[in-house]
Amino acid sequence: QSTWEPNVLILHYEDMLKDTKAVVHRLRDFSGFDVSDELIDDLLPRFSFEYMKANKDRLDFTQHIQMGHTPLFRKGVSGDHVNMLSPSQLKRLCDKCDAVFGDRLPYKFR
């Protein structure tokens, strides 16, 4: 659960890369959905970056595409933001996140 807002669950991409199953269990428990461990095990392969990228034509990202955003599936690695944002953009993003969240997040954006 969030340390600062009871209705917000903060998930880290790095944790999803490291242990997707544990993150899916956290999401299930937080949301209160009645999803069995067996169903999660069956669906787990579909949560992988590789699966979603290979099946992007079957996934509906119409709104994302209509808004002219960059490709939704890039590399599936942590830390690639440094290749997408200029140093000044990253500084502005970090400053804004620090201003909004302060020390209430378990990690820093810098």
# chains A, B, ... in the order shown; residues from 1 in each chain; ligands from 1
$ residues_around --residues "segment 37-42 of chain A" --least-positions-apart "2" --cutoff "9 Å" --atoms "only C-alpha atoms" --output "list in words"
Lys21, Val24, His25, Val35, Leu44, Pro45 and Arg46 of chain A
$ atom_distance --atom1 "atom CA of Tyr13 of chain A" --atom2 "atom CA of Ser78 of chain A"
7.0 Å
$ atom_distance --atom1 "atom CA of Phe47 of chain A" --atom2 "atom CA of Arg28 of chain A"
13.8 Å
$ closest_residue --among "A:Thr20, A:Asn83, A:Gln89, A:Asn7" --to "Phe49 of chain A" --atoms "only C-alpha atoms"
A:Thr20
